[in-house]
$ cat final_28.txt   # compact mmCIF, C-alpha atoms
# COMPACT_ATOMS: atom_id res chain seq x y z
CA MET A 51 7.29 -20.41 -6.67
CA LEU A 52 6.35 -18.58 -3.45
CA ARG A 53 6.73 -14.85 -2.90
CA ASP A 54 5.49 -12.36 -0.36
CA ALA A 55 2.06 -10.97 -1.16
CA HIS A 56 1.85 -7.25 -1.82
CA GLU A 57 -0.93 -4.73 -1.65
CA SER A 58 -1.25 -4.99 -5.43
CA ASP A 59 -2.26 -8.66 -4.97
CA LEU A 60 -5.21 -7.93 -2.69
CA GLY A 61 -7.94 -7.87 -5.32
CA THR A 62 -6.78 -11.18 -6.74
CA ILE A 63 -6.45 -12.78 -3.31
CA ARG A 64 -9.98 -11.70 -2.39
CA ARG A 65 -11.42 -12.99 -5.69
CA TRP A 66 -9.77 -16.39 -5.23
CA ARG A 67 -10.82 -16.62 -1.56
CA ASN A 68 -14.42 -15.70 -2.41
CA HIS A 69 -14.76 -18.49 -4.99
CA PRO A 70 -17.74 -20.65 -3.95
CA LYS A 71 -15.69 -23.87 -3.86
CA THR A 72 -13.06 -22.22 -1.66
CA ARG A 73 -15.64 -20.71 0.67
CA THR A 74 -17.50 -24.03 0.98
CA ALA A 75 -14.30 -25.79 2.10
CA SER A 76 -13.40 -23.06 4.60
CA ILE A 77 -14.18 -22.68 8.27
CA TYR A 78 -15.18 -19.06 7.61
CA THR A 79 -17.64 -19.30 4.70
CA ALA A 80 -19.01 -15.77 4.49
CA TYR A 81 -18.40 -13.62 1.43
CA ILE A 82 -15.45 -11.36 2.13
CA THR A 83 -16.24 -7.70 1.51
CA PRO A 84 -13.66 -5.16 0.33
CA GLU A 85 -13.77 -3.56 3.79
CA GLY A 86 -13.32 -6.88 5.58
CA HIS A 87 -10.47 -7.79 3.26
CA ALA A 88 -8.76 -4.44 3.87
CA GLN A 89 -9.02 -4.99 7.63
CA TRP A 90 -7.59 -8.50 7.29
CA TRP A 91 -4.64 -7.13 5.30
CA ALA A 92 -4.02 -4.40 7.89
CA ASN A 93 -3.98 -7.08 10.60
CA VAL A 94 -1.55 -9.21 8.57
CA GLN A 95 0.77 -6.24 8.09
CA ALA A 96 0.74 -5.46 11.82
CA ASP A 97 1.45 -9.03 12.97
CA PRO A 98 5.00 -10.41 12.59
CA ALA A 99 3.66 -13.92 13.31
CA ARG A 100 1.71 -13.94 10.01
CA ARG A 101 2.86 -14.43 6.43
CA VAL A 102 0.84 -14.30 3.23
CA LEU A 103 2.54 -15.71 0.15
CA ILE A 104 1.57 -15.90 -3.49
CA PHE A 105 2.16 -19.21 -5.26
CA ALA A 106 2.98 -19.31 -8.97
CA TYR A 107 2.78 -22.35 -11.23
CA HIS A 108 4.18 -22.31 -14.77
CA GLY A 109 4.67 -18.58 -14.43
CA ASN A 110 1.08 -17.82 -13.39
CA ASP A 111 0.11 -16.58 -9.95
CA CYS A 112 -2.52 -19.08 -8.88
CA GLY A 113 -2.61 -19.58 -5.13
CA VAL A 114 -2.15 -18.21 -1.64
CA VAL A 115 -0.29 -19.81 1.26
CA THR A 116 -0.70 -18.40 4.75
CA PHE A 117 1.32 -18.99 7.88
CA ASN A 118 -0.20 -17.79 11.16
CA ASP A 119 0.84 -17.95 14.80
CA HIS A 120 4.49 -18.35 13.80
CA ASP A 121 6.46 -18.94 16.99
CA PRO A 122 10.17 -18.83 16.09
CA GLU A 123 11.25 -20.08 19.54
CA ALA A 124 8.94 -23.11 19.47
CA GLY A 125 9.48 -23.59 15.72
CA THR A 126 5.75 -23.89 15.05
CA ALA A 127 3.05 -22.26 12.93
CA GLU A 128 -0.37 -22.91 11.45
CA TRP A 129 -0.72 -22.89 7.70
CA GLY A 130 -3.48 -22.72 5.15
CA PHE A 131 -3.89 -22.28 1.42
CA PHE A 132 -6.32 -21.73 -1.41
CA LEU A 133 -6.06 -21.75 -5.17
CA ASP A 134 -7.35 -19.93 -8.22
CA VAL A 135 -9.95 -22.63 -8.85
CA ASP A 136 -11.30 -21.21 -12.12
CA GLY A 137 -7.95 -20.33 -13.69
CA LEU A 138 -6.28 -23.63 -12.84
CA THR A 139 -9.32 -25.72 -13.81
CA GLY A 140 -9.54 -23.89 -17.13
CA ARG A 141 -5.91 -24.71 -17.88
CA GLY A 142 -6.25 -28.32 -16.69
CA GLU A 143 -3.66 -27.63 -13.97
CA LEU A 144 -5.60 -27.79 -10.71
CA LEU A 145 -4.19 -31.04 -9.29
CA PRO A 146 -0.56 -30.61 -10.41
CA ALA A 147 -0.49 -27.00 -9.20
CA TRP A 148 -2.03 -28.02 -5.87
CA MET A 149 0.67 -30.67 -5.40
CA GLU A 150 3.40 -28.17 -6.24
CA LEU A 151 1.89 -25.65 -3.83
CA GLU A 152 1.99 -28.20 -1.05
CA LYS A 153 5.60 -29.08 -1.85
CA ALA A 154 6.57 -25.39 -1.92
CA ALA A 155 4.77 -24.69 1.37
CA VAL A 156 6.55 -27.56 3.13
CA ALA A 157 9.93 -26.35 1.84
CA TYR A 158 9.15 -22.77 2.91
CA ALA A 159 8.05 -23.89 6.38
CA PHE A 160 11.22 -25.86 7.05
CA ASP A 161 13.82 -23.97 5.02
CA ASP A 162 12.70 -20.35 5.30
CA LEU A 163 10.76 -20.23 8.56
CA LYS A 164 12.98 -22.91 10.16
CA LEU A 165 9.95 -24.64 11.68
CA THR A 166 10.25 -27.96 13.46
CA SER A 167 6.55 -28.65 12.91
CA PHE A 168 3.51 -26.98 11.43
CA GLY A 169 -0.08 -27.92 10.89
CA GLY A 170 -3.44 -26.86 9.66
CA ARG A 171 -7.17 -27.33 9.95
CA THR A 172 -9.33 -29.13 7.38
CA LEU A 173 -13.01 -29.92 7.48
CA ALA A 174 -13.31 -33.68 8.01
CA TRP A 175 -15.55 -34.17 4.98
CA ASN A 176 -12.79 -32.78 2.73
CA LYS A 177 -11.11 -36.16 2.23
CA GLN A 178 -9.25 -35.01 -0.89
CA VAL A 179 -7.34 -32.34 1.03
CA ILE A 180 -6.66 -34.63 3.99
CA GLY A 181 -5.44 -37.31 1.57
CA LEU A 182 -3.04 -34.94 -0.16
CA HIS A 183 -1.70 -33.78 3.21
CA ARG A 184 -1.07 -37.42 4.14
CA ARG A 185 0.76 -37.93 0.86
CA PHE A 186 3.13 -35.12 1.92
CA GLY A 187 3.76 -36.65 5.34
CA PHE A 188 1.17 -34.86 7.45
CA VAL A 189 -0.45 -36.91 10.20
CA GLU A 190 -3.74 -36.36 11.99
CA VAL A 191 -3.47 -35.20 15.59
CA PRO A 192 -6.71 -36.41 17.23
CA GLU A 193 -6.33 -34.31 20.37
CA ARG A 194 -6.33 -31.14 18.23
CA CYS A 195 -9.51 -32.04 16.33
CA TYR A 196 -12.72 -30.28 17.34
CA THR A 197 -16.29 -29.60 16.28
CA THR A 198 -17.48 -26.12 15.35
CA GLY A 199 -20.65 -24.61 13.97
CA ILE A 200 -20.43 -23.57 10.32
CA ASP A 201 -23.50 -22.15 8.61
CA GLY A 202 -25.75 -23.69 11.27
CA GLN A 203 -24.24 -27.19 11.03
CA ASP A 204 -21.78 -28.88 13.37
CA GLN A 205 -18.61 -29.69 11.45
CA LEU A 206 -15.65 -31.79 12.56
CA VAL A 207 -12.33 -30.04 12.01
CA VAL A 208 -9.26 -32.25 11.58
CA TRP A 209 -5.78 -31.01 12.50
CA THR A 210 -2.95 -32.43 10.40
CA GLU A 211 0.67 -31.74 11.25
CA LYS A 212 4.06 -32.32 9.70
CA THR A 213 7.38 -32.40 11.51
CA ARG A 214 10.85 -32.41 10.05
CA THR A 215 11.01 -36.15 10.70
CA THR A 216 7.74 -37.13 8.97
$ encode --input "final_28.txt" --output "structure tokens"
Amino acid sequence: MLRDAHESDLGTIRRWRNHPKTRTASIYTAYITPEGHAQWWANVQADPARRVLIFAYHGNDCGVVTFNDHDPEAGTAEWGFFLDVDGLTGRGELLPAWMELEKAAVAYAFDDLKLTSFGGRTLAWNKQVIGLHRRFGFVEVPERCYTTGIDGQDQLVVWTEKTRTT
């Protein structure tokens, strides 16, 4: 279900990440250029605290899961994800694939990375994502929430976190 991303995946990853619905729900909303994407990939490859994984559902690659700031000693990391919105919507699989991605990411975090807790950032208006995280045992951590400027507007960013016990 999850595998390491390879250089051959870069075009697909960039296309999925540049989808308007994905960009709108992201903290960084700008269109990602080929040059910017290549620099991002070079940074990922040079940083042992980062992982980029491809998620497959029913045999189709259809999502990306990232883990950043992985601290093996503390057992922590930040995660994020995005999906192939058009492909999954066209097949009527968006919600079930999204739920499977979340399940696979939680298993990877605890079983493969051996994390004790991990969390991620979501724009506060994105209630659907926050709700799904809650369904998988993530809890909001108010002291890690903050406001940032996105496209000229102040946006509240919510931090949700899951520990092995939640």
$ closest_residue --input "final_28.txt" --among "A:Arg171, A:Arg100, A:Arg64, A:Arg73" --to "A:Gly86" --atoms "only C-alpha atoms"
A:Arg64
$ closest_atom_pairs --input "final_28.txt" --of "stretch 68-123 of chain A" --to "stretch 147-154 of chain A" --cutoff "8 Å" --atoms "only C-alpha atoms" --output "JSON lines"
{"residue": "A:Phe105", "atom": "CA", "partner": "A:Leu151", "partner_atom": "CA", "distance": 6.6}
{"residue": "A:Tyr107", "atom": "CA", "partner": "A:Ala147", "partner_atom": "CA", "distance": 6.0}
{"residue": "A:Gly113", "atom": "CA", "partner": "A:Leu151", "partner_atom": "CA", "distance": 7.7}
$ atom_distance --input "final_28.txt" --atom1 "atom CA of A:Thr72" --atom2 "atom CA of A:Ser58"
21.2 Å
$ atom_distance --input "final_28.txt" --atom1 "atom CA of A:Gln89" --atom2 "atom CA of A:Ile63"
13.7 Å
$ residues_around --input "final_28.txt" --residues "A:Phe160" --least-positions-apart "5" --cutoff "12 Å" --atoms "all atoms listed in the file" --output "list in words"
Pro122, Gly125, Thr126, Ala127, Lys153, Ala154, Ala155, Leu165, Thr166, Ser167, Phe168, Lys212, Thr213, Arg214, Thr215 and Thr216 of chain A
$ residues_around --input "final_28.txt" --residues "A:Lys71" --least-positions-apart "4" --cutoff "10 Å" --atoms "only C-alpha atoms" --output "PDB file with C-alpha atoms, in the coordinates of the input"
ATOM      1  CA  TRP A  66      -9.770 -16.390  -5.230  1.00  0.00           C
ATOM      2  CA  ARG A  67     -10.820 -16.620  -1.560  1.00  0.00           C
ATOM      3  CA  ALA A  75     -14.300 -25.790   2.100  1.00  0.00           C
ATOM      4  CA  SER A  76     -13.400 -23.060   4.600  1.00  0.00           C
ATOM      5  CA  THR A  79     -17.640 -19.300   4.700  1.00  0.00           C
ATOM      6  CA  PHE A 132      -6.320 -21.730  -1.410  1.00  0.00           C
ATOM      7  CA  LEU A 133      -6.060 -21.750  -5.170  1.00  0.00           C
ATOM      8  CA  VAL A 135      -9.950 -22.630  -8.850  1.00  0.00           C
ATOM      9  CA  ASP A 136     -11.300 -21.210 -12.120  1.00  0.00           C
TER      10      ASP A 136
END
$ atom_distance --input "final_28.txt" --atom1 "atom CA of A:Asp54" --atom2 "atom CA of A:Ala106"
11.3 Å
$ residues_around --input "final_28.txt" --residues "A:Phe188" --least-positions-apart "2" --cutoff "9 Å" --atoms "all atoms listed in the file" --output "ChimeraX atom specification"
/A:169,180,182-186,190,210-213,216
$ residues_around --input "final_28.txt" --residues "stretch 201-207 of chain A" --least-positions-apart "6" --cutoff "7 Å" --atoms "all atoms listed in the file" --output "MDAnalysis selection string"
chainID A and resid 171:174 195
$ residues_around --input "final_28.txt" --residues "A:Trp91" --least-positions-apart "5" --cutoff "12 Å" --atoms "only C-alpha atoms" --output "list in words"
Ala55, His56, Glu57, Ser58, Asp59, Leu60, Gly61, Ile63, Arg64, Pro84, Glu85, Gly86, Ala96, Asp97, Arg100, Arg101, Val102 and Thr116 of chain A
$ closest_residue --input "final_28.txt" --among "A:Thr83, A:Thr139, A:Gln178, A:Thr198" --to "A:Cys112" --atoms "only C-alpha atoms"
A:Thr139
$ closest_residue --input "final_28.txt" --among "A:Trp175, A:His108, A:Ala99, A:Arg65" --to "A:Arg141" --atoms "all atoms listed in the file"
A:His108
$ axis_aligned_box --input "final_28.txt" --around "stretch 91-105 of chain A" --padding-each-side "3 Å" --output "lines of an AutoDock Vina configuration file"
center_x = 0.2
center_y = -11.8
center_z = 4.0
size_x = 15.6
size_y = 20.8
size_z = 24.6
$ closest_residue --input "final_28.txt" --among "A:Asp134, A:Glu128, A:Asp161, A:Val94" --to "A:Asn68" --atoms "all atoms listed in the file"
A:Asp134
$ build_atoms --input "final_28.txt" --residues "stretch 126-137 of chain A" --atoms "all heavy atoms" --output "tab-separated table (two decimals), in the frame of the given file"
chain	number	residue	atom	x	y	z
A	126	THR	N	7.06	-23.42	15.47
A	126	THR	CA	5.75	-23.89	15.05
A	126	THR	C	4.97	-22.78	14.34
A	126	THR	O	5.27	-21.59	14.50
A	126	THR	CB	4.92	-24.37	16.25
A	126	THR	OG1	4.78	-23.28	17.18
A	126	THR	CG2	5.58	-25.55	16.94
A	127	ALA	N	3.98	-23.19	13.59
A	127	ALA	CA	3.05	-22.26	12.93
A	127	ALA	C	1.85	-23.06	12.44
A	127	ALA	O	1.89	-24.29	12.34
A	127	ALA	CB	3.72	-21.55	11.75
A	128	GLU	N	0.79	-22.33	12.13
A	128	GLU	CA	-0.37	-22.91	11.45
A	128	GLU	C	-0.36	-22.42	10.02
A	128	GLU	O	-0.02	-21.27	9.75
A	128	GLU	CB	-1.68	-22.48	12.13
A	128	GLU	CG	-2.90	-23.04	11.44
A	128	GLU	CD	-4.21	-22.73	12.14
A	128	GLU	OE1	-4.19	-22.28	13.30
A	128	GLU	OE2	-5.26	-22.94	11.51
A	129	TRP	N	-0.71	-23.29	9.10
A	129	TRP	CA	-0.72	-22.89	7.70
A	129	TRP	C	-2.08	-23.14	7.07
A	129	TRP	O	-2.91	-23.87	7.60
A	129	TRP	CB	0.37	-23.63	6.93
A	129	TRP	CG	0.02	-25.01	6.44
A	129	TRP	CD1	-0.30	-26.10	7.19
A	129	TRP	CD2	-0.07	-25.42	5.09
A	129	TRP	NE1	-0.55	-27.18	6.39
A	129	TRP	CE2	-0.42	-26.79	5.08
A	129	TRP	CE3	0.13	-24.79	3.86
A	129	TRP	CZ2	-0.59	-27.51	3.91
A	129	TRP	CZ3	-0.04	-25.51	2.70
A	129	TRP	CH2	-0.39	-26.86	2.74
A	130	GLY	N	-2.28	-22.51	5.95
A	130	GLY	CA	-3.48	-22.72	5.15
A	130	GLY	C	-3.18	-22.32	3.71
A	130	GLY	O	-2.12	-21.74	3.43
A	131	PHE	N	-4.09	-22.63	2.83
A	131	PHE	CA	-3.89	-22.28	1.42
A	131	PHE	C	-5.22	-22.26	0.70
A	131	PHE	O	-6.21	-22.80	1.16
A	131	PHE	CB	-2.95	-23.28	0.74
A	131	PHE	CG	-3.58	-24.61	0.49
A	131	PHE	CD1	-4.19	-24.90	-0.73
A	131	PHE	CD2	-3.61	-25.59	1.48
A	131	PHE	CE1	-4.80	-26.12	-0.95
A	131	PHE	CE2	-4.21	-26.82	1.26
A	131	PHE	CZ	-4.81	-27.08	0.04
A	132	PHE	N	-5.23	-21.61	-0.45
A	132	PHE	CA	-6.32	-21.73	-1.41
A	132	PHE	C	-5.78	-21.39	-2.79
A	132	PHE	O	-4.70	-20.81	-2.92
A	132	PHE	CB	-7.54	-20.87	-1.03
A	132	PHE	CG	-7.25	-19.43	-0.76
A	132	PHE	CD1	-7.32	-18.48	-1.77
A	132	PHE	CD2	-6.91	-19.01	0.52
A	132	PHE	CE1	-7.06	-17.15	-1.51
A	132	PHE	CE2	-6.67	-17.68	0.79
A	132	PHE	CZ	-6.73	-16.74	-0.23
A	133	LEU	N	-6.52	-21.84	-3.79
A	133	LEU	CA	-6.06	-21.75	-5.17
A	133	LEU	C	-7.02	-20.95	-6.03
A	133	LEU	O	-8.18	-20.75	-5.68
A	133	LEU	CB	-5.92	-23.17	-5.75
A	133	LEU	CG	-4.83	-24.03	-5.13
A	133	LEU	CD1	-5.09	-25.50	-5.42
A	133	LEU	CD2	-3.47	-23.61	-5.65
A	134	ASP	N	-6.53	-20.55	-7.19
A	134	ASP	CA	-7.35	-19.93	-8.22
A	134	ASP	C	-8.09	-21.07	-8.94
A	134	ASP	O	-7.63	-21.60	-9.95
A	134	ASP	CB	-6.47	-19.15	-9.20
A	134	ASP	CG	-7.22	-18.64	-10.41
A	134	ASP	OD1	-8.47	-18.66	-10.41
A	134	ASP	OD2	-6.54	-18.22	-11.37
A	135	VAL	N	-9.21	-21.46	-8.37
A	135	VAL	CA	-9.95	-22.63	-8.85
A	135	VAL	C	-10.30	-22.49	-10.34
A	135	VAL	O	-10.04	-23.41	-11.13
A	135	VAL	CB	-11.22	-22.87	-8.01
A	135	VAL	CG1	-12.07	-23.99	-8.59
A	135	VAL	CG2	-10.85	-23.16	-6.56
A	136	ASP	N	-10.86	-21.37	-10.74
A	136	ASP	CA	-11.30	-21.21	-12.12
A	136	ASP	C	-10.12	-21.19	-13.10
A	136	ASP	O	-10.15	-21.87	-14.12
A	136	ASP	CB	-12.13	-19.94	-12.29
A	136	ASP	CG	-13.51	-20.05	-11.67
A	136	ASP	OD1	-13.99	-21.19	-11.46
A	136	ASP	OD2	-14.11	-18.99	-11.40
A	137	GLY	N	-9.10	-20.43	-12.79
A	137	GLY	CA	-7.95	-20.33	-13.69
A	137	GLY	C	-7.24	-21.66	-13.87
A	137	GLY	O	-6.93	-22.08	-15.00
